[in-house]
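Pasting target-v6.txt here (compact mmCIF, C-alpha atoms):
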```
# COMPACT_ATOMS: atom_id res chain seq x y z
CA MET N 213 -12.40 -3.03 30.21
CA ILE N 214 -11.25 -6.63 29.79
CA HIS N 215 -8.58 -6.03 32.44
CA TYR N 216 -11.27 -4.73 34.76
CA TRP N 217 -13.52 -7.73 34.00
CA ILE N 218 -10.66 -10.14 34.88
CA TYR N 219 -10.00 -8.22 38.11
CA PHE N 220 -13.71 -8.07 39.01
CA LYS N 221 -14.14 -11.83 38.43
CA ARG N 222 -10.93 -12.46 40.46
CA LEU N 223 -9.46 -14.54 37.67
CA LYS N 224 -5.77 -15.40 37.45
CA ASP N 225 -4.47 -14.95 33.91
CA SER N 226 -1.15 -16.30 32.60
CA SER N 227 0.13 -12.78 31.73
CA VAL N 228 -1.11 -9.23 31.16
CA HIS N 229 -2.64 -10.26 27.82
CA GLY N 230 -2.80 -13.97 28.60
CA LYS N 231 -5.18 -16.76 27.67
CA ILE N 232 -8.17 -15.44 29.60
CA PHE N 233 -7.72 -11.91 28.25
CA ARG N 234 -7.38 -13.12 24.66
CA ALA N 235 -10.33 -15.50 24.95
CA LYS N 236 -12.55 -12.65 26.19
CA MET N 237 -11.25 -10.37 23.42
CA GLU N 238 -12.05 -13.04 20.78
CA GLU N 239 -15.51 -13.52 22.29
CA ILE N 240 -16.21 -9.77 22.08
CA ASN N 241 -15.00 -9.71 18.46
CA ARG N 242 -17.15 -12.72 17.52
CA VAL N 243 -20.34 -11.66 19.33
CA SER N 244 -20.16 -7.92 18.65
CA GLY N 245 -18.51 -7.87 15.24
CA ARG N 246 -15.58 -5.90 16.64
CA ASN N 247 -11.90 -6.12 15.67
CA LEU N 248 -10.13 -5.71 19.01
CA LYS N 249 -6.38 -6.39 19.00
CA VAL N 250 -3.60 -6.39 21.55
CA SER N 251 -1.17 -3.57 20.82
CA HIS N 252 2.01 -3.11 22.79
CA ARG N 253 5.25 -1.28 22.18
CA LEU N 254 8.26 -2.91 23.77
CA SER N 255 10.59 -0.92 25.93
CA ASN N 256 14.31 -1.44 25.21
CA GLU N 257 14.53 -3.52 28.39
CA GLU N 258 11.66 -5.77 27.26
CA ALA N 259 13.05 -6.08 23.72
CA ASN N 260 16.47 -7.10 24.99
CA SER N 261 15.07 -9.61 27.50
CA ASP N 262 13.69 -11.98 24.83
CA THR N 263 16.54 -14.44 24.40
CA HIS N 264 14.57 -17.29 22.84
CA THR N 265 16.39 -18.47 19.72
CA ARG N 266 14.18 -18.86 16.67
CA ASN N 267 14.62 -19.08 12.91
CA ASN N 268 13.90 -15.61 11.55
CA LEU N 269 13.07 -15.10 7.88
CA ILE N 270 13.76 -11.43 7.36
CA CYS N 271 12.76 -9.15 4.52
CA VAL N 272 14.91 -6.01 4.54
CA THR N 273 13.56 -3.15 2.46
CA GLU N 274 14.82 0.28 1.55
CA TRP N 275 12.44 3.02 0.54
CA SER N 276 12.71 6.15 -1.58
CA ASP N 277 12.39 8.34 1.53
CA GLY N 278 15.65 6.81 2.84
CA ARG N 279 14.11 4.61 5.53
CA THR N 280 15.12 1.00 6.07
CA GLY N 281 12.41 -1.51 6.91
CA ILE N 282 12.31 -4.96 8.46
CA THR N 283 9.60 -7.57 8.14
CA VAL N 284 10.15 -10.81 10.04
CA CYS N 285 7.95 -13.14 8.02
CA ALA N 286 5.90 -16.16 8.87
CA ARG N 287 7.29 -19.07 6.87
CA THR N 288 3.91 -19.62 5.22
CA ARG N 289 3.70 -16.04 3.91
CA ILE N 290 7.15 -15.45 2.39
CA PHE N 291 6.08 -15.55 -1.27
CA GLU N 292 2.98 -13.43 -0.71
CA ILE N 293 4.90 -10.79 1.27
CA ASP N 294 7.72 -10.78 -1.31
CA ARG N 295 5.21 -10.20 -4.13
CA ILE N 296 3.42 -7.40 -2.27
CA MET N 297 6.64 -5.64 -1.23
CA ARG N 298 8.09 -5.76 -4.76
CA SER N 299 4.92 -4.13 -6.11
CA GLN N 300 5.34 -1.01 -3.97
CA PRO N 301 6.27 2.00 -6.12
CA THR N 302 8.48 3.62 -3.44
CA LEU N 303 10.57 0.47 -2.79
CA THR N 304 14.20 0.92 -3.85
CA SER N 305 15.66 -2.42 -2.72
CA LEU N 306 14.65 -5.69 -1.11
CA GLU N 307 16.80 -8.48 0.33
CA TRP N 308 15.98 -11.66 2.23
CA PHE N 309 17.94 -13.13 5.13
CA TRP N 310 17.79 -16.03 7.55
CA SER N 311 19.06 -15.45 11.08
CA ARG N 312 18.88 -16.88 14.58
CA ASP N 313 20.02 -13.59 16.15
CA VAL N 314 17.69 -12.85 19.09
CA TRP N 315 17.82 -9.13 18.23
CA PHE N 316 15.16 -9.84 15.58
CA ASN N 317 12.76 -11.11 18.27
CA ARG N 318 11.81 -7.49 18.95
CA PHE N 319 9.86 -7.54 15.68
CA PRO N 320 6.63 -9.55 15.51
CA ILE N 321 6.37 -12.41 13.05
CA SER N 322 4.28 -10.95 10.23
CA ARG N 323 1.66 -12.74 8.20
CA VAL N 324 1.04 -9.55 6.22
CA ALA N 325 3.35 -7.08 4.49
CA LYS N 326 3.90 -4.84 7.52
CA VAL N 327 7.16 -2.91 7.69
CA TYR N 328 8.92 -1.90 10.90
CA TYR N 329 11.52 0.80 10.45
CA ALA N 330 14.93 0.33 12.03
CA ASP N 331 18.20 2.14 12.37
CA PRO N 332 20.27 1.01 9.35
CA ASP N 333 23.48 0.80 11.41
CA ASP N 334 21.86 -1.43 14.07
CA LEU N 335 20.39 -3.61 11.36
CA LYS N 336 23.67 -3.88 9.46
CA GLU N 337 25.43 -5.04 12.63
CA HIS N 338 22.91 -7.81 13.20
CA LEU N 339 22.85 -8.91 9.57
CA LYS N 340 26.61 -9.60 9.64
CA ARG N 341 25.91 -13.10 10.96
CA ALA N 342 22.79 -13.66 8.86
CA THR N 343 22.56 -15.74 5.72
CA LEU N 344 21.60 -13.90 2.53
CA CYS N 345 18.75 -15.73 0.81
CA VAL N 346 16.89 -15.74 -2.49
CA CYS N 347 13.14 -15.65 -2.86
CA ASP N 348 12.28 -16.32 -6.50
CA GLY N 349 8.51 -16.47 -6.06
CA LYS N 350 8.42 -20.27 -5.86
CA LYS N 351 11.46 -21.20 -3.79
CA PHE N 352 13.30 -19.70 -0.85
CA TYR N 353 16.93 -20.74 -0.39
CA PRO N 354 20.37 -19.53 0.70
CA ALA N 355 21.99 -17.33 -1.95
CA GLN N 356 25.11 -19.53 -2.20
CA THR N 357 23.11 -22.53 -3.37
CA ARG N 358 20.88 -23.21 -6.32
CA PRO N 359 17.67 -25.13 -5.75
CA SER N 360 17.59 -28.53 -7.37
CA ALA N 361 14.89 -29.39 -9.91
CA SER N 362 13.41 -31.87 -7.42
CA ARG N 363 12.63 -29.24 -4.74
```
In structure tokens, how does this file's structure come out?
Amino acid sequence: MIHYWIYFKRLKDSSVHGKIFRAKMEEINRVSGRNLKVSHRLSNEEANSDTHTRNNLICVTEWSDGRTGITVCARTRIFEIDRIMRSQPTLTSLEWFWSRDVWFNRFPISRVAKVYYADPDDLKEHLKRATLCVCDGKKFYPAQTRPSASR
């Protein structure tokens, strides 16, 4: 209905779910007590077209059902997500990585412990150039280094 409202008002938005769309969605949520969200699944073409380089902090998880998960974390939520993931009873392994590989752009930056499942072979290929990291609950750093006492 928001799309229709934008069309009816003859407004020009910056994209399909641009500033006008999101502002109207937030207004509806605020006024009506709703929890509307934009949900979109990327096609392979869309996923491969995002070539913006960014620093990705990646939590790679393996689960007792054999699936491999990826969570690209917001920098401000690393310790919280690490704690939540490690508390899951079906988690079998967890590793942290840093990467600038644009392949990881297909996953949203998470502020919550949300897992996206990926093909382990695809993931392994893209982690070859990533830096293995350590998250000890208080510090996040490359695995080859030890944090100094002053950090």
Counting all atoms listed in the file, note down every residue that has an atom within 12 Å of the point (17.8, -20.0, -0.4) (file coordinates), as a list in words. Leu269, Ile290, Glu307, Trp308, Phe309, Trp310, Thr343, Leu344, Cys345, Val346, Cys347, Asp348, Gly349, Lys350, Lys351, Phe352, Tyr353, Pro354, Ala355, Gln356, Thr357, Arg358, Pro359, Ser360 and Arg363 of chain N
Measuring atom to atom with only C-alpha atoms, identify which of N:Thr273, N:Ser226, N:Thr280, N:Asn267 is nearest to N:Leu306.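 Checking each candidate against N:Leu306, we get N:Thr273 as the closest.
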Hey, can you check how far atom CA of N:Phe319 sits from atom CA of N:Gly230?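 Computing the Euclidean distance for atom CA of N:Phe319 and atom CA of N:Gly230 yields 19.2 Å.
Put simply, atom CA of N:Leu223 is 16.6 Å away from atom CA of N:Glu239.
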Just to confirm, what's the straight-line distance from atom CA of N:Leu248 to atom CA of N:Lys236 in Å (one decimal)?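 Spanning atom CA of N:Leu248 to atom CA of N:Lys236 is a straight-line distance of 10.3 Å.
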What would the list of residues within 12 Å of (17.9, -0.8, 12.7) (file frame) look like as a ChimeraX atom specification, if only C-alpha atoms are what count? /N:272-274,279-283,315-316,318-319,328-339
Now that the selection is made, can you save its residues with C-alpha atoms as a PDB file, keeping the file's coordinate frame?
```pdb
ATOM      1  CA  VAL N 272      14.910  -6.010   4.540  1.00  0.00           C
ATOM      2  CA  THR N 273      13.560  -3.150   2.460  1.00  0.00           C
ATOM      3  CA  GLU N 274      14.820   0.280   1.550  1.00  0.00           C
ATOM      4  CA  ARG N 279      14.110   4.610   5.530  1.00  0.00           C
ATOM      5  CA  THR N 280      15.120   1.000   6.070  1.00  0.00           C
ATOM      6  CA  GLY N 281      12.410  -1.510   6.910  1.00  0.00           C
ATOM      7  CA  ILE N 282      12.310  -4.960   8.460  1.00  0.00           C
ATOM      8  CA  THR N 283       9.600  -7.570   8.140  1.00  0.00           C
ATOM      9  CA  TRP N 315      17.820  -9.130  18.230  1.00  0.00           C
ATOM     10  CA  PHE N 316      15.160  -9.840  15.580  1.00  0.00           C
ATOM     11  CA  ARG N 318      11.810  -7.490  18.950  1.00  0.00           C
ATOM     12  CA  PHE N 319       9.860  -7.540  15.680  1.00  0.00           C
ATOM     13  CA  TYR N 328       8.920  -1.900  10.900  1.00  0.00           C
ATOM     14  CA  TYR N 329      11.520   0.800  10.450  1.00  0.00           C
ATOM     15  CA  ALA N 330      14.930   0.330  12.030  1.00  0.00           C
ATOM     16  CA  ASP N 331      18.200   2.140  12.370  1.00  0.00           C
ATOM     17  CA  PRO N 332      20.270   1.010   9.350  1.00  0.00           C
ATOM     18  CA  ASP N 333      23.480   0.800  11.410  1.00  0.00           C
ATOM     19  CA  ASP N 334      21.860  -1.430  14.070  1.00  0.00           C
ATOM     20  CA  LEU N 335      20.390  -3.610  11.360  1.00  0.00           C
ATOM     21  CA  LYS N 336      23.670  -3.880   9.460  1.00  0.00           C
ATOM     22  CA  GLU N 337      25.430  -5.040  12.630  1.00  0.00           C
ATOM     23  CA  HIS N 338      22.910  -7.810  13.200  1.00  0.00           C
ATOM     24  CA  LEU N 339      22.850  -8.910   9.570  1.00  0.00           C
TER      25      LEU N 339
END
```
From N:Val324, N:Ser244, N:Thr304, N:Arg266, residue lying nearest N:Phe291 [all atoms listed in the file]: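 Using all atoms listed in the file, the shortest distance to N:Phe291 belongs to N:Val324.
With only C-alpha atoms taken into account, the protein and nucleic acid residues at most 10 Å from N:His229 (excluding it and anything under 3 positions from it in its own chain) are Ile214, His215, Asp225, Ser226, Ile232, Phe233, Arg234, Ala235, Met237, Val250, Ser251 and His252 of chain N.
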